[in-house]
Amino acid sequence: MDAHQRSLIHLHGSVLLFGGTALFSHLLPWSALDITMFLTAIAAFALMLIIKFQGDRLQLNNRQDYLIAIMLGIIVGLHWVTYFWAMQLSSVATGMLAFFSYPVITVFLEPLFNRTKPHARDIFCALAVFIGVFLLVPEFNISNDQTLGIVIGVVSGFLFALRNVLHKRYFSHYKGTQAMFYQTLVVAVMLSPFVEFNPLQMSGLVVDGAIGEFGLLLLLSVVFTATPHAFLANCFKYLSAKTAGLISCLQPLYGVLLAALILGQWPSMMVYVGGALIVMAAVFETVLMTKIKR
C-alpha cells in the first residue's frame, strides 16, 4: 500500500470519527455545555503534551495573537455547545445536517472580509441549502424541539464557518496543534464556571460490563477528536484539497449511519431528501472553490 492509499484510508477514518462525535450528545447523560467543557479540558491537556513532546514552542508571538486566540476560543466554544445541543433537542441526523450548512455559509462570509460580492452560483447553493433545511423542519413552531434543534444546528454551522474564516485570516501562521491548544483552553476556562455535573460523581471506565461516563469522555476526547486531527495532518501531504474537501462531505452520511446503527435513530424520508440537498450544495461549493484556487 503506497502513501496515497494510506492517506485515503486515514482521511475516510478521520471523517468517520468526526461524524461519530455527534453520538456522544446522546450517549453522555450531560448537558451540551458540560460535554463541551470536559471535552475541551482533556483536549487542551493532550495538545499541550503533544506540543511539548514534539519540542514545539507553546508561546504565541505577541499580545495581539493572545487576544485573537481568546476571540477564536469563544466562537469555537459556542459552536461546540450549539453543536451538541442541536442534536440533543432533535436527533443526530437533523442536527448534523443543519450544521452542515456551514460550507455554503462560509462562501457568504468570506466576501465580507475580502470585500467582494458573492457569485450567482453561490446564491443558487444557498437556496438549495435553505430548501434542504426547510424540508427538515417538522413544523414552524420554535416550541417544537425538532425545529429548535434545526435552528440551533444552523447557528452552530454559522459559528463554525465564522471561526474558520477568522482563523484563516488572523491565525493560520500557527501550527494546528498550537492554535487548537489555545482555543480549547479558552473554551474550558470560559465554560468551567457554568458546569452543572460534578466530575467526582462520574462513573469509571467500565461499569457493569458497559462503558462508563469517564470511558465515553476519553473515547470522545482521544479517539473521536484527537485521533482524526492527527490523521488529517498526515493526509494533506499526499492528497489534494479537492479530494479532502469532497470526502469531508461524507461526514453527515457517516454520522447518520452511526446514529442509526448505534442509537437506533433512523431518519424520515424528508430528512433524507433535505439532507441530500444540503450535502449536494456542499459538494458543489467544494468542487467549485477548488477549481477557483487552481
# chains A, B, ... in the order shown; residues from 1 in each chain; ligands from 1
>>> residues_around(residues="Ser192 in chain A", least_positions_apart="6", cutoff="9 Å", atoms="only C-alpha atoms", output="list of chain:residue names")
A:Asp34, A:Met37, A:Phe38
>>> closest_atom_pairs(of="range 181-225 of chain A", to="range 47-60 of chain A", cutoff="12 Å", atoms="only C-alpha atoms", output="JSON lines")
{"residue": "A:Phe181", "atom": "CA", "partner": "A:Leu47", "partner_atom": "CA", "distance": 5.6}
{"residue": "A:Tyr182", "atom": "CA", "partner": "A:Met48", "partner_atom": "CA", "distance": 9.2}
{"residue": "A:Gln183", "atom": "CA", "partner": "A:Leu47", "partner_atom": "CA", "distance": 10.7}
{"residue": "A:Thr184", "atom": "CA", "partner": "A:Leu47", "partner_atom": "CA", "distance": 9.1}
{"residue": "A:Leu185", "atom": "CA", "partner": "A:Leu47", "partner_atom": "CA", "distance": 9.7}
{"residue": "A:Ser221", "atom": "CA", "partner": "A:Leu47", "partner_atom": "CA", "distance": 10.8}
{"residue": "A:Val222", "atom": "CA", "partner": "A:Leu47", "partner_atom": "CA", "distance": 10.4}
{"residue": "A:Thr225", "atom": "CA", "partner": "A:Leu47", "partner_atom": "CA", "distance": 11.1}
>>> residues_around(residues="Gln201 in chain A", least_positions_apart="5", cutoff="12 Å", atoms="only C-alpha atoms", output="list in words")
Glu196, Gly212, Glu213 and Phe214 of chain A
>>> atom_distance(atom1="CA of Arg63 in chain A", atom2="CA of Phe171 in chain A")
12.9 Å
>>> closest_atom_pairs(of="range 95-198 of chain A", to="range 253-263 of chain A", cutoff="10 Å", atoms="only C-alpha atoms", output="JSON lines")
{"residue": "A:Gly95", "atom": "CA", "partner": "A:Val256", "partner_atom": "CA", "distance": 10.0}
{"residue": "A:Met96", "atom": "CA", "partner": "A:Gly255", "partner_atom": "CA", "distance": 7.5}
{"residue": "A:Leu97", "atom": "CA", "partner": "A:Val256", "partner_atom": "CA", "distance": 8.9}
>>> residues_around(residues="range 120-130 of chain A", least_positions_apart="2", cutoff="9 Å", atoms="only C-alpha atoms", output="PDB file with C-alpha atoms, in the first residue's frame")
ATOM      1  CA  ALA A  98     -28.489  21.522   9.741  1.00  0.00           C
ATOM      2  CA  SER A 101     -24.934  24.236   6.019  1.00  0.00           C
ATOM      3  CA  VAL A 104     -22.302  27.482   1.959  1.00  0.00           C
ATOM      4  CA  ILE A 105     -22.378  29.952   4.872  1.00  0.00           C
ATOM      5  CA  VAL A 107     -18.975  31.240   0.876  1.00  0.00           C
ATOM      6  CA  PHE A 108     -21.067  34.226   2.004  1.00  0.00           C
ATOM      7  CA  PRO A 118     -20.920  36.535  -3.900  1.00  0.00           C
ATOM      8  CA  GLY A 132     -32.973  21.398   2.376  1.00  0.00           C
ATOM      9  CA  VAL A 133     -33.276  22.901   5.864  1.00  0.00           C
ATOM     10  CA  PHE A 134     -36.936  23.744   5.138  1.00  0.00           C
ATOM     11  CA  LEU A 135     -37.606  20.050   4.406  1.00  0.00           C
ATOM     12  CA  GLY A 274     -33.420  17.639   2.724  1.00  0.00           C
ATOM     13  CA  GLY A 275     -30.054  16.211   3.726  1.00  0.00           C
ATOM     14  CA  LEU A 277     -29.872  18.858  -0.996  1.00  0.00           C
ATOM     15  CA  ILE A 278     -27.621  20.248   1.753  1.00  0.00           C
ATOM     16  CA  VAL A 279     -24.784  17.781   1.070  1.00  0.00           C
ATOM     17  CA  MET A 280     -25.011  18.257  -2.716  1.00  0.00           C
ATOM     18  CA  ALA A 281     -24.730  22.030  -2.248  1.00  0.00           C
ATOM     19  CA  ALA A 282     -21.673  21.493  -0.025  1.00  0.00           C
ATOM     20  CA  PHE A 284     -20.767  21.663  -5.407  1.00  0.00           C
ATOM     21  CA  GLU A 285     -19.164  24.523  -3.463  1.00  0.00           C
TER      22      GLU A 285
END
>>> closest_residue(among="A:Arg163, A:Gln265, A:Thr94, A:Leu39", to="Val137 in chain A", atoms="only C-alpha atoms")
A:Thr94
>>> residues_around(residues="Val15 in chain A", least_positions_apart="5", cutoff="9 Å", atoms="only C-alpha atoms", output="VMD selection string")
chain A and resid 10 20 228 232 247 to 251 254
>>> closest_residue(among="A:Ala179, A:Ile70, A:Val189, A:Ala32", to="Gln88 in chain A", atoms="only C-alpha atoms")
A:Ala32
>>> closest_residue(among="A:Pro199, A:Gly176, A:Gly264, A:Pro138", to="Ala226 in chain A", atoms="only C-alpha atoms")
A:Gly176
>>> residues_around(residues="range 76-86 of chain A", least_positions_apart="4", cutoff="7 Å", atoms="only C-alpha atoms", output="list in words")
Ala22, Ser25, Ala32, Leu33, Thr36, Leu72, Ser90, Gly95, Gly149, Ile150, Ile152, Gly153, Ser156, Leu159, Phe160, Arg163 and Val187 of chain A
>>> select_by_dssp(residues="range 31-229 of chain A", states="strand (DSSP E)", output="ChimeraX atom specification")
/A:206-207,210-211
>>> write_last_selection(atoms="C-alpha atoms", output="PDB file, in the first residue's frame")
ATOM      1  CA  VAL A 206     -16.282   0.365  32.644  1.00  0.00           C
ATOM      2  CA  VAL A 207     -19.426  -0.124  34.744  1.00  0.00           C
ATOM      3  CA  ALA A 210     -20.614  -1.294  29.758  1.00  0.00           C
ATOM      4  CA  ILE A 211     -18.501   1.767  29.047  1.00  0.00           C
TER       5      ILE A 211
END
>>> select_by_dssp(residues="range 127-271 of chain A", states="alpha helix (DSSP H)", output="ChimeraX atom specification")
/A:127-136,145-170,176-191,213-218,227-235,241-248,251-258,269-271
